[in-house]
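Asks: Have a peek at run-v3.cif (mmCIF, C-alpha atoms).
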data_target
#
loop_
_atom_site.group_PDB
_atom_site.id
_atom_site.type_symbol
_atom_site.label_atom_id
_atom_site.label_comp_id
_atom_site.auth_asym_id
_atom_site.auth_seq_id
_atom_site.Cartn_x
_atom_site.Cartn_y
_atom_site.Cartn_z
ATOM 1 C CA MET A 1 137.121 99.249 153.265
ATOM 2 C CA ARG A 2 133.336 99.408 152.895
ATOM 3 C CA SER A 3 133.684 101.546 149.725
ATOM 4 C CA LEU A 4 136.152 99.035 148.255
ATOM 5 C CA LEU A 5 133.756 96.169 148.984
ATOM 6 C CA LEU A 6 130.893 98.018 147.304
ATOM 7 C CA LEU A 7 133.071 98.665 144.264
ATOM 8 C CA ILE A 8 133.996 94.993 143.968
ATOM 9 C CA LEU A 9 130.368 93.944 144.293
ATOM 10 C CA SER A 10 129.240 96.438 141.653
ATOM 11 C CA VAL A 11 131.872 95.234 139.162
ATOM 12 C CA SER A 12 130.929 91.625 139.818
ATOM 13 C CA ALA A 13 127.236 92.358 139.253
ATOM 14 C CA ALA A 14 127.963 94.078 135.964
ATOM 15 C CA THR A 15 129.658 90.977 134.608
ATOM 16 C CA GLN A 16 126.861 88.565 135.488
ATOM 17 C CA VAL A 17 124.850 87.051 132.637
ATOM 18 C CA GLY A 18 121.925 89.317 131.900
ATOM 19 C CA ALA A 19 123.494 92.427 133.347
ATOM 20 C CA GLN A 20 122.727 95.306 131.025
ATOM 21 C CA PRO A 21 125.766 97.088 129.570
ATOM 22 C CA SER A 22 125.654 100.807 129.063
ATOM 23 C CA ALA A 23 123.623 102.150 126.158
ATOM 24 C CA SER A 24 126.903 103.127 124.483
ATOM 25 C CA GLN A 25 127.966 99.486 124.147
ATOM 26 C CA ARG A 26 125.509 96.620 123.879
ATOM 27 C CA ALA A 27 126.297 93.069 122.838
ATOM 28 C CA VAL A 28 124.553 91.844 119.698
ATOM 29 C CA LEU A 29 124.643 88.547 117.798
ATOM 30 C CA VAL A 30 124.478 88.757 113.995
ATOM 31 C CA THR A 31 124.028 85.537 112.009
ATOM 32 C CA GLY A 32 125.277 85.169 108.455
ATOM 33 C CA ALA A 33 127.837 87.906 109.046
ATOM 34 C CA SER A 34 130.533 86.870 106.583
ATOM 35 C CA THR A 35 129.326 88.860 103.544
ATOM 36 C CA GLY A 36 126.681 91.214 102.205
ATOM 37 C CA ILE A 37 124.042 92.596 104.524
ATOM 38 C CA GLY A 38 125.257 90.663 107.564
ATOM 39 C CA ARG A 39 128.813 91.904 107.151
ATOM 40 C CA ARG A 40 127.654 95.506 106.774
ATOM 41 C CA ILE A 41 125.436 95.279 109.852
ATOM 42 C CA THR A 42 128.391 93.913 111.804
ATOM 43 C CA GLU A 43 130.727 96.681 110.645
ATOM 44 C CA VAL A 44 128.237 99.465 111.400
ATOM 45 C CA LEU A 45 127.330 98.232 114.876
ATOM 46 C CA ALA A 46 130.975 97.628 115.780
ATOM 47 C CA SER A 47 132.005 101.069 114.504
ATOM 48 C CA GLN A 48 129.398 102.605 116.798
ATOM 49 C CA GLY A 49 131.009 100.952 119.799
ATOM 50 C CA HIS A 50 128.744 97.953 120.234
ATOM 51 C CA PHE A 51 130.176 94.466 120.655
ATOM 52 C CA VAL A 52 129.191 92.058 117.900
ATOM 53 C CA TYR A 53 129.243 88.277 118.007
ATOM 54 C CA ALA A 54 129.462 87.648 114.268
ATOM 55 C CA GLY A 55 128.207 84.247 113.174
ATOM 56 C CA ALA A 56 129.869 82.562 110.191
ATOM 57 C CA ARG A 57 130.724 79.041 109.045
ATOM 58 C CA LYS A 58 134.140 79.188 107.369
ATOM 59 C CA PRO A 59 137.435 79.581 109.266
ATOM 60 C CA HIS A 60 138.783 82.360 107.024
ATOM 61 C CA ASP A 61 135.542 84.350 107.453
ATOM 62 C CA LEU A 62 135.733 83.957 111.227
ATOM 63 C CA GLU A 63 139.338 85.161 111.191
ATOM 64 C CA ALA A 64 138.453 88.196 109.072
ATOM 65 C CA LEU A 65 135.512 89.101 111.295
ATOM 66 C CA SER A 66 137.522 88.760 114.497
ATOM 67 C CA ALA A 67 140.093 91.182 113.086
ATOM 68 C CA ILE A 68 137.476 93.962 113.241
ATOM 69 C CA LYS A 69 137.489 96.036 116.436
ATOM 70 C CA ASN A 70 134.597 95.114 118.775
ATOM 71 C CA VAL A 71 133.853 91.916 116.826
ATOM 72 C CA GLN A 72 134.258 88.273 117.782
ATOM 73 C CA GLY A 73 133.717 85.689 115.069
ATOM 74 C CA VAL A 74 131.585 82.785 116.259
ATOM 75 C CA LYS A 75 131.338 79.511 114.332
ATOM 76 C CA LEU A 76 127.638 79.263 113.694
ATOM 77 C CA ASP A 77 125.565 77.326 111.200
ATOM 78 C CA VAL A 78 121.945 78.138 112.119
ATOM 79 C CA THR A 79 120.832 74.670 110.988
ATOM 80 C CA ILE A 80 123.096 72.790 113.416
ATOM 81 C CA ASP A 81 121.781 72.545 116.980
ATOM 82 C CA ALA A 82 125.205 71.799 118.445
ATOM 83 C CA GLU A 83 126.693 74.974 116.960
ATOM 84 C CA VAL A 84 123.742 77.042 118.209
ATOM 85 C CA ALA A 85 124.253 75.619 121.708
ATOM 86 C CA ALA A 86 128.000 76.318 121.522
ATOM 87 C CA ALA A 87 127.291 79.917 120.499
ATOM 88 C CA VAL A 88 125.015 80.351 123.512
ATOM 89 C CA GLU A 89 127.790 79.019 125.740
ATOM 90 C CA THR A 90 130.349 81.368 124.169
ATOM 91 C CA VAL A 91 128.163 84.424 124.670
ATOM 92 C CA THR A 92 127.167 83.408 128.190
ATOM 93 C CA LYS A 93 130.727 82.790 129.349
ATOM 94 C CA ALA A 94 131.867 86.146 127.961
ATOM 95 C CA GLY A 95 129.786 87.837 130.664
ATOM 96 C CA ARG A 96 128.540 90.780 128.590
ATOM 97 C CA GLY A 97 124.984 89.503 128.426
ATOM 98 C CA LEU A 98 123.191 89.864 125.102
ATOM 99 C CA TYR A 99 120.985 92.780 124.139
ATOM 100 C CA GLY A 100 120.073 91.867 120.587
ATOM 101 C CA VAL A 101 119.820 89.101 118.031
ATOM 102 C CA VAL A 102 119.896 89.886 114.307
ATOM 103 C CA ASN A 103 118.641 86.888 112.342
ATOM 104 C CA ASN A 104 120.294 87.600 109.010
ATOM 105 C CA ALA A 105 121.514 84.233 107.676
ATOM 106 C CA GLY A 106 119.613 83.368 104.519
ATOM 107 C CA VAL A 107 119.730 81.295 101.333
ATOM 108 C CA ALA A 108 117.741 81.026 98.109
ATOM 109 C CA VAL A 109 117.102 78.645 95.243
ATOM 110 C CA ILE A 110 115.412 79.447 91.952
ATOM 111 C CA GLY A 111 113.189 77.430 89.705
ATOM 112 C CA PRO A 112 109.516 76.700 88.958
ATOM 113 C CA MET A 113 107.534 75.246 91.839
ATOM 114 C CA GLY A 114 106.518 72.301 89.655
ATOM 115 C CA ASP A 115 110.175 71.303 89.199
ATOM 116 C CA MET A 116 111.327 72.053 92.736
ATOM 117 C CA ASP A 117 112.734 69.124 94.701
ATOM 118 C CA ILE A 118 111.490 68.827 98.265
ATOM 119 C CA ALA A 119 115.131 68.798 99.378
ATOM 120 C CA ASP A 120 115.576 72.318 97.984
ATOM 121 C CA LEU A 121 112.460 73.556 99.750
ATOM 122 C CA GLU A 122 113.650 72.003 103.027
ATOM 123 C CA PHE A 123 117.108 73.535 102.556
ATOM 124 C CA VAL A 124 115.684 77.062 102.214
ATOM 125 C CA PHE A 125 113.190 76.712 105.049
ATOM 126 C CA ASP A 126 115.768 75.177 107.378
ATOM 127 C CA VAL A 127 117.955 78.281 107.076
ATOM 128 C CA ASN A 128 115.430 81.080 106.506
ATOM 129 C CA VAL A 129 112.617 79.997 108.840
ATOM 130 C CA ALA A 130 113.817 77.324 111.261
ATOM 131 C CA GLY A 131 117.138 79.178 111.598
ATOM 132 C CA PRO A 132 115.674 82.327 113.190
ATOM 133 C CA HIS A 133 113.506 80.121 115.382
ATOM 134 C CA ARG A 134 116.488 78.077 116.630
ATOM 135 C CA ILE A 135 118.574 81.169 117.327
ATOM 136 C CA THR A 136 115.850 83.209 119.002
ATOM 137 C CA LYS A 137 114.668 80.315 121.146
ATOM 138 C CA ALA A 138 118.199 79.486 122.271
ATOM 139 C CA PHE A 139 119.052 83.079 123.221
ATOM 140 C CA THR A 140 115.692 84.023 124.767
ATOM 141 C CA PRO A 141 116.932 83.672 128.382
ATOM 142 C CA LEU A 142 119.691 86.208 127.712
ATOM 143 C CA LEU A 143 117.319 88.515 125.837
ATOM 144 C CA LYS A 144 114.786 88.314 128.646
ATOM 145 C CA ALA A 145 117.457 89.265 131.167
ATOM 146 C CA SER A 146 118.507 92.304 129.123
ATOM 147 C CA GLN A 147 114.984 93.330 128.027
ATOM 148 C CA GLY A 148 116.499 93.287 124.558
ATOM 149 C CA ARG A 149 115.542 93.057 120.895
ATOM 150 C CA VAL A 150 115.033 90.501 118.128
ATOM 151 C CA VAL A 151 115.495 91.696 114.551
ATOM 152 C CA THR A 152 114.956 89.376 111.590
ATOM 153 C CA ILE A 153 115.944 90.160 108.025
ATOM 154 C CA GLY A 154 112.993 89.433 105.779
ATOM 155 C CA SER A 155 112.613 90.658 102.198
ATOM 156 C CA ILE A 156 110.182 92.443 99.940
ATOM 157 C CA SER A 157 110.067 89.042 98.215
ATOM 158 C CA GLY A 158 107.999 87.911 101.180
ATOM 159 C CA ILE A 159 105.328 90.243 99.832
ATOM 160 C CA LEU A 160 106.108 90.245 96.113
ATOM 161 C CA ALA A 161 106.017 86.503 95.407
ATOM 162 C CA SER A 162 106.667 85.785 91.745
ATOM 163 C CA PRO A 163 107.397 82.856 89.413
ATOM 164 C CA ILE A 164 110.849 81.255 89.720
ATOM 165 C CA LEU A 165 111.430 82.768 93.177
ATOM 166 C CA GLY A 166 108.556 80.926 94.858
ATOM 167 C CA VAL A 167 110.461 78.952 97.496
ATOM 168 C CA TYR A 168 112.476 81.954 98.648
ATOM 169 C CA ALA A 169 109.333 84.098 98.726
ATOM 170 C CA MET A 170 107.512 81.417 100.715
ATOM 171 C CA SER A 171 110.260 81.402 103.330
ATOM 172 C CA LYS A 172 110.284 85.187 103.657
ATOM 173 C CA HIS A 173 106.489 85.265 103.841
ATOM 174 C CA ALA A 174 106.798 82.818 106.740
ATOM 175 C CA VAL A 175 109.133 85.324 108.414
ATOM 176 C CA GLU A 176 106.253 87.826 108.294
ATOM 177 C CA ALA A 177 104.006 85.468 110.263
ATOM 178 C CA TYR A 178 106.866 84.552 112.591
ATOM 179 C CA THR A 179 107.424 88.223 113.379
ATOM 180 C CA ASP A 180 103.759 88.878 114.154
ATOM 181 C CA ALA A 181 103.469 85.875 116.469
ATOM 182 C CA LEU A 182 106.842 86.418 118.137
ATOM 183 C CA SER A 183 106.200 90.103 118.739
ATOM 184 C CA GLY A 184 103.079 89.412 120.774
ATOM 185 C CA GLU A 185 104.752 86.663 122.749
ATOM 186 C CA MET A 186 108.064 88.381 123.504
ATOM 187 C CA ALA A 187 106.295 91.558 124.607
ATOM 188 C CA ARG A 188 105.269 89.675 127.749
ATOM 189 C CA ILE A 189 108.916 89.365 128.783
ATOM 190 C CA GLY A 190 109.907 92.891 127.732
ATOM 191 C CA VAL A 191 111.608 91.991 124.448
ATOM 192 C CA LYS A 192 110.753 93.963 121.293
ATOM 193 C CA VAL A 193 110.668 92.368 117.843
ATOM 194 C CA SER A 194 111.110 93.804 114.336
ATOM 195 C CA VAL A 195 111.461 92.602 110.759
ATOM 196 C CA ILE A 196 113.550 94.423 108.155
ATOM 197 C CA GLU A 197 112.338 94.024 104.564
ATOM 198 C CA PRO A 198 115.107 94.997 102.137
ATOM 199 C CA GLY A 199 114.841 95.427 98.415
ATOM 200 C CA ASP A 200 117.770 95.042 96.022
ATOM 201 C CA TYR A 201 121.088 95.728 97.736
ATOM 202 C CA ARG A 202 124.546 94.362 97.079
ATOM 203 C CA SER A 203 125.068 90.855 98.420
ATOM 204 C CA GLU A 204 126.494 87.458 97.543
ATOM 205 C CA MET A 205 123.128 85.689 97.426
ATOM 206 C CA GLY A 206 122.858 85.646 93.637
ATOM 207 C CA ARG A 207 126.275 84.063 93.212
ATOM 208 C CA ASN A 208 125.455 81.526 95.906
ATOM 209 C CA VAL A 209 122.273 80.628 94.011
ATOM 210 C CA LEU A 210 124.243 80.050 90.798
ATOM 211 C CA ARG A 211 126.833 77.958 92.625
ATOM 212 C CA ARG A 212 124.107 75.748 94.079
ATOM 213 C CA MET A 213 122.545 75.352 90.617
ATOM 214 C CA GLU A 214 125.886 74.185 89.234
ATOM 215 C CA GLU A 215 126.486 71.795 92.123
ATOM 216 C CA ARG A 216 123.082 70.202 91.605
ATOM 217 C CA GLY A 217 123.394 70.096 87.832
ATOM 218 C CA GLN A 218 120.167 72.076 87.478
ATOM 219 C CA LYS A 219 119.092 72.315 83.828
ATOM 220 C CA ILE A 220 117.148 75.222 82.386
ATOM 221 C CA GLU A 221 117.021 74.220 78.732
ATOM 222 C CA GLY A 222 113.506 73.279 77.758
ATOM 223 C CA SER A 223 111.921 74.661 80.899
ATOM 224 C CA LEU A 224 108.599 76.425 80.527
ATOM 225 C CA PHE A 225 110.325 79.303 82.341
ATOM 226 C CA GLU A 226 113.651 79.168 80.497
ATOM 227 C CA LYS A 227 113.478 82.846 79.543
ATOM 228 C CA GLU A 228 112.867 83.934 83.157
ATOM 229 C CA LEU A 229 115.611 81.652 84.470
ATOM 230 C CA ARG A 230 118.134 83.009 81.997
ATOM 231 C CA GLY A 231 117.077 86.524 82.919
ATOM 232 C CA ILE A 232 117.738 85.888 86.599
ATOM 233 C CA ILE A 233 121.093 84.267 85.840
ATOM 234 C CA SER A 234 122.196 87.209 83.695
ATOM 235 C CA SER A 235 121.047 89.654 86.389
ATOM 236 C CA VAL A 236 123.512 88.252 88.923
ATOM 237 C CA ASP A 237 126.338 90.244 87.329
ATOM 238 C CA ALA A 238 124.220 93.368 87.753
ATOM 239 C CA GLU A 239 124.095 92.787 91.544
ATOM 240 C CA SER A 240 127.473 94.485 91.819
ATOM 241 C CA LYS A 241 125.772 97.690 90.670
ATOM 242 C CA ASN A 242 123.223 97.585 93.480
ATOM 243 C CA PRO A 243 123.858 100.030 96.330
ATOM 244 C CA GLU A 244 125.693 98.919 99.447
ATOM 245 C CA PRO A 245 123.265 97.863 102.198
ATOM 246 C CA ASP A 246 123.984 100.889 104.396
ATOM 247 C CA ASP A 247 120.272 101.731 104.679
ATOM 248 C CA VAL A 248 119.563 98.189 105.836
ATOM 249 C CA ALA A 249 122.235 98.456 108.524
ATOM 250 C CA GLU A 250 120.762 101.768 109.664
ATOM 251 C CA ALA A 251 117.296 100.212 109.918
ATOM 252 C CA VAL A 252 118.757 97.403 112.029
ATOM 253 C CA ARG A 253 120.446 99.954 114.283
ATOM 254 C CA HIS A 254 117.132 101.756 114.758
ATOM 255 C CA ALA A 255 115.274 98.513 115.462
ATOM 256 C CA LEU A 256 117.867 97.495 118.035
ATOM 257 C CA PHE A 257 118.343 100.723 119.934
ATOM 258 C CA ASP A 258 115.529 103.204 119.344
ATOM 259 C CA PRO A 259 113.137 103.466 122.321
ATOM 260 C CA ASN A 260 110.194 102.935 119.946
ATOM 261 C CA PRO A 261 111.261 100.514 117.211
ATOM 262 C CA LYS A 262 108.898 99.781 114.343
ATOM 263 C CA LEU A 263 107.504 96.300 113.845
ATOM 264 C CA ARG A 264 108.231 96.480 110.100
ATOM 265 C CA TYR A 265 110.916 98.382 108.188
ATOM 266 C CA LEU A 266 110.559 98.650 104.420
ATOM 267 C CA VAL A 267 114.066 99.440 103.154
ATOM 268 C CA VAL A 268 114.406 99.829 99.389
ATOM 269 C CA PRO A 269 116.835 101.731 97.162
ATOM 270 C CA ASN A 270 114.265 103.395 94.910
ATOM 271 C CA GLN A 271 110.666 104.565 94.667
ATOM 272 C CA ALA A 272 109.709 101.875 92.157
ATOM 273 C CA GLN A 273 110.400 99.052 94.619
ATOM 274 C CA ALA A 274 108.486 100.857 97.358
ATOM 275 C CA ASN A 275 105.522 101.376 95.048
ATOM 276 C CA SER A 276 105.497 97.749 93.896
ATOM 277 C CA THR A 277 105.578 96.441 97.447
ATOM 278 C CA LEU A 278 102.842 98.706 98.775
ATOM 279 C CA ARG A 279 100.707 98.209 95.666
ATOM 280 C CA LYS A 280 100.851 94.432 96.197
ATOM 281 C CA GLN A 281 99.684 94.814 99.795
ATOM 282 C CA ILE A 282 96.779 97.006 98.704
ATOM 283 C CA ARG A 283 95.855 94.585 95.925
ATOM 284 C CA GLN A 284 95.806 91.732 98.411
ATOM 285 C CA LEU A 285 93.522 93.740 100.704
ATOM 286 C CA VAL A 286 91.155 94.336 97.802
ATOM 287 C CA GLN A 287 91.205 90.656 96.887
ATOM 288 C CA LEU A 288 90.418 89.638 100.469
ATOM 289 C CA ASN A 289 87.495 92.047 100.525
ATOM 290 C CA GLN A 290 86.053 90.945 97.186
ATOM 291 C CA SER A 291 82.501 89.543 97.015
ATOM 292 C CA HIS A 292 81.941 87.773 100.301
ATOM 293 C CA LYS A 293 79.343 87.835 103.022
ATOM 294 C CA PHE A 294 81.022 90.627 104.975
ATOM 295 C CA THR A 295 82.528 92.747 102.187
ATOM 296 C CA LEU A 296 83.268 96.304 103.300
ATOM 297 C CA SER A 297 82.397 99.376 101.273
ATOM 298 C CA ARG A 298 85.084 101.673 99.925
ATOM 299 C CA ASP A 299 84.269 104.235 102.615
ATOM 300 C CA SER A 300 84.634 101.591 105.316
ATOM 301 C CA LEU A 301 88.010 100.517 103.945
ATOM 302 C CA VAL A 302 89.239 104.110 103.865
ATOM 303 C CA ALA A 303 87.997 104.653 107.432
ATOM 304 C CA MET A 304 89.845 101.491 108.498
ATOM 305 C CA LEU A 305 93.032 102.783 106.880
ATOM 306 C CA ASP A 306 92.645 106.149 108.608
ATOM 307 C CA ARG A 307 92.283 104.440 111.986
ATOM 308 C CA ALA A 308 95.388 102.354 111.400
ATOM 309 C CA LEU A 309 97.378 105.462 110.456
ATOM 310 C CA ALA A 310 96.095 107.285 113.544
ATOM 311 C CA GLU A 311 97.107 104.373 115.784
ATOM 312 C CA LEU A 312 100.646 104.374 114.380
ATOM 313 C CA GLU A 313 100.926 108.116 114.886
ATOM 314 C CA ALA A 314 99.655 107.875 118.458
ATOM 315 C CA ASN A 315 102.222 105.169 119.292
ATOM 316 C CA ARG A 316 105.272 107.096 118.045
#
Would you put the structure from the file into C-alpha cells?

Replies:
Amino acid sequence: MRSLLLLILSVSAATQVGAQPSASQRAVLVTGASTGIGRRITEVLASQGHFVYAGARKPHDLEALSAIKNVQGVKLDVTIDAEVAAAVETVTKAGRGLYGVVNNAGVAVIGPMGDMDIADLEFVFDVNVAGPHRITKAFTPLLKASQGRVVTIGSISGILASPILGVYAMSKHAVEAYTDALSGEMARIGVKVSVIEPGDYRSEMGRNVLRRMEERGQKIEGSLFEKELRGIISSVDAESKNPEPDDVAEAVRHALFDPNPKLRYLVVPNQAQANSTLRKQIRQLVQLNQSHKFTLSRDSLVAMLDRALAELEANR
C-alpha cells in the first residue's frame, strides 16, 4: 500500500506545472510555425521526440501542424495579448510544463526609409520586437520552473543593414540588444538565452513582402531606389533555390538542449555570407575606435580580441 501511494504521488508531481520532463522529451513553444524556418524547427524537434506547441494564425495551418506526431497547433498571433494569454493557459493546463520558447514569428517590409509609413514600421516592430517580448514575458513563470531556454530568431540583416531593408534590419538589430539584456536578466532565474542569426534560407517571407506591397498599393516607379526595389522583387523567385533551413533548426536544437548553449549562432549557407557579416562587425569596431579621446592602438585591439577568444574557449 505504501509503495502504491508513493507511485501515485510521484506521477502527480510529474504532471504539475513546472515539473521537468525527461531530457528525451521536453515541451517547447515555437511561434510562427506554419511555414519556412518555424515549420522546419517544429518538424525537427518533434521528430526527435520533443513535444512542440506550434503557434500559427490560420485554421488550416493549425490543422496541418496538429497532424504531425508530437505537435499541437496553438492559435497564436504574437501581437494579440488575448491570444498570448490563451496560449499560456493551454500550455499550463496540459501539465507538461514548458522547457523552451522559440521566438520565430517575423515579418518584413521593403522600401526607402524616407518613404516608409510609420504604420509599416510599427507593424514590423510589433511582430519582430514586441512579439518576442510578449511571448517571453508571458511564459517566464513556466521557464523559471523548468530552468529552461529562450531562443529568438534574429537575422544577419540585424548586422548587415542596407538600403531598402532598413525597417527589417532595425527590428533584427533590436533583437540583438534584447538578447544581450535578457540573457543577463534570465540568468538570475536559471534560464539561458540565445539568438540565432540565419542568412538566406528557404522561407515564405519574400512572398509575404510582395503580397503586403500589393495590398498597400506600394508604387516603385519613379523611386530613387527603383532599381534596388525591382532587384529585390525579382529575387523572390530565387528564394525557392535557397537551401532548406535544416542548419537553422539544428542551431535551435543546440541552443535549447546543449548544456553550454552559445549566446549567438551565426548560421549561413555559404562562406560569402559569413565573411560579409563578420567583416561588417569588424568595420564597426574600427569605426567606433576611430579618432577619439580614448582610441586604442592596433596592438591593444588585437590583445582585446585575443582575450575575448580565450574567454570563449575557457567557457566551453

Asks: Write out as a list of chain:residue names which residues come within 8 Å of A:Asn242 when counting only C-alpha atoms, dropping same-chain ones fewer than 6 positions away.

Replies: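 In the requested format, the answer is A:Asp200, A:Tyr201, A:Arg202.
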
Asks: The PyMOL selection byres ((chain A and resi 41) around 12) - which residues does that actually catch in the file I just gave you? List them as a VMD selection string.

Replies: chain A and resid 28 to 40 42 to 48 50 to 55 65 71 101 to 105 151 153 244 to 254 256

Asks: Could you expand the PyMOL selection byres ((chain A and resi 160) around 8) into the explicit residues it covers here, written as JSON, numbers by chain?

Replies: {"A": [156, 157, 158, 159, 161, 162, 169, 276, 277, 280]}

Asks: For A:Gln273, which of A:Ser155, A:Leu98, A:Arg57, A:Val150 is the closest residue, counting all atoms listed in the file?

Replies: A:Ser155

Asks: Using all atoms listed in the file, pick whichever of A:Arg212, A:Ile68, A:Tyr265, A:Thr90 has the shortest atom-to-atom distance to A:Phe123.

Replies: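 For A:Phe123, the nearest of the given residues is A:Arg212.
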
Asks: Could you jot down the atom CA of A:Ile189 to atom CA of A:Leu266 separation for me, Å, one decimal place?

Replies: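 These two atoms are separated by 26.1 Å.
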
Asks: Applied to this file, what does the PyMOL selection byres ((chain A and resi 260) around 12) return in terms of residues, put as a PDB file with C-alpha atoms, in the frame of the given file?

Replies:
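As a result, out_3.pdb now contains:
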ATOM      1  CA  ARG A 149     115.542  93.057 120.895  1.00  0.00           C
ATOM      2  CA  VAL A 191     111.608  91.991 124.448  1.00  0.00           C
ATOM      3  CA  LYS A 192     110.753  93.963 121.293  1.00  0.00           C
ATOM      4  CA  VAL A 193     110.668  92.368 117.843  1.00  0.00           C
ATOM      5  CA  SER A 194     111.110  93.804 114.336  1.00  0.00           C
ATOM      6  CA  HIS A 254     117.132 101.756 114.758  1.00  0.00           C
ATOM      7  CA  ALA A 255     115.274  98.513 115.462  1.00  0.00           C
ATOM      8  CA  LEU A 256     117.867  97.495 118.035  1.00  0.00           C
ATOM      9  CA  PHE A 257     118.343 100.723 119.934  1.00  0.00           C
ATOM     10  CA  ASP A 258     115.529 103.204 119.344  1.00  0.00           C
ATOM     11  CA  PRO A 259     113.137 103.466 122.321  1.00  0.00           C
ATOM     12  CA  PRO A 261     111.261 100.514 117.211  1.00  0.00           C
ATOM     13  CA  LYS A 262     108.898  99.781 114.343  1.00  0.00           C
ATOM     14  CA  LEU A 263     107.504  96.300 113.845  1.00  0.00           C
ATOM     15  CA  ARG A 264     108.231  96.480 110.100  1.00  0.00           C
ATOM     16  CA  LEU A 312     100.646 104.374 114.380  1.00  0.00           C
ATOM     17  CA  GLU A 313     100.926 108.116 114.886  1.00  0.00           C
ATOM     18  CA  ALA A 314      99.655 107.875 118.458  1.00  0.00           C
ATOM     19  CA  ASN A 315     102.222 105.169 119.292  1.00  0.00           C
ATOM     20  CA  ARG A 316     105.272 107.096 118.045  1.00  0.00           C
TER      21      ARG A 316
END

Asks: For each of A:Leu143, A:Leu62, A:Ala119, A:Ile80, take the minimum atom-to-atom distance to A:Thr92, counting only C-alpha atoms, then give the residue where this is smallest.

Replies: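 Of the candidates, the smallest distance to A:Thr92 is held by A:Leu143.
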
Asks: To one decimal place in Å, what is the distance between atom CA of A:Ala108 and atom CA of A:Asp81?

Replies: 21.1 Å

Asks: Would you please work out which residue, of A:Ser300, A:Val167, A:Pro112, A:Val124, is nearest to A:Lys227 when using only C-alpha atoms?

Replies: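 Smallest distance to A:Lys227 is found for A:Pro112.
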
Asks: So what do you get for atom CA of A:Glu197 versus atom CA of A:Gln271, distance-wise?

Replies: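 Distance between the two atoms: 14.6 Å.
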
Asks: Point out the residue among A:Gly97, A:Gly106, A:Pro269, A:Gly148 with the least atom-to-atom distance to A:Ala130, counting all atoms listed in the file.

Replies: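 When distances to A:Ala130 are compared using all atoms listed in the file, the smallest one comes from A:Gly106.
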
Asks: May I ask which of the residues A:Ala86, A:Leu301, A:Ala187, A:Ala274 is the closest one to A:Ala138, counting only C-alpha atoms?

Replies: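 Counting only C-alpha atoms, the residue closest to A:Ala138 is A:Ala86.
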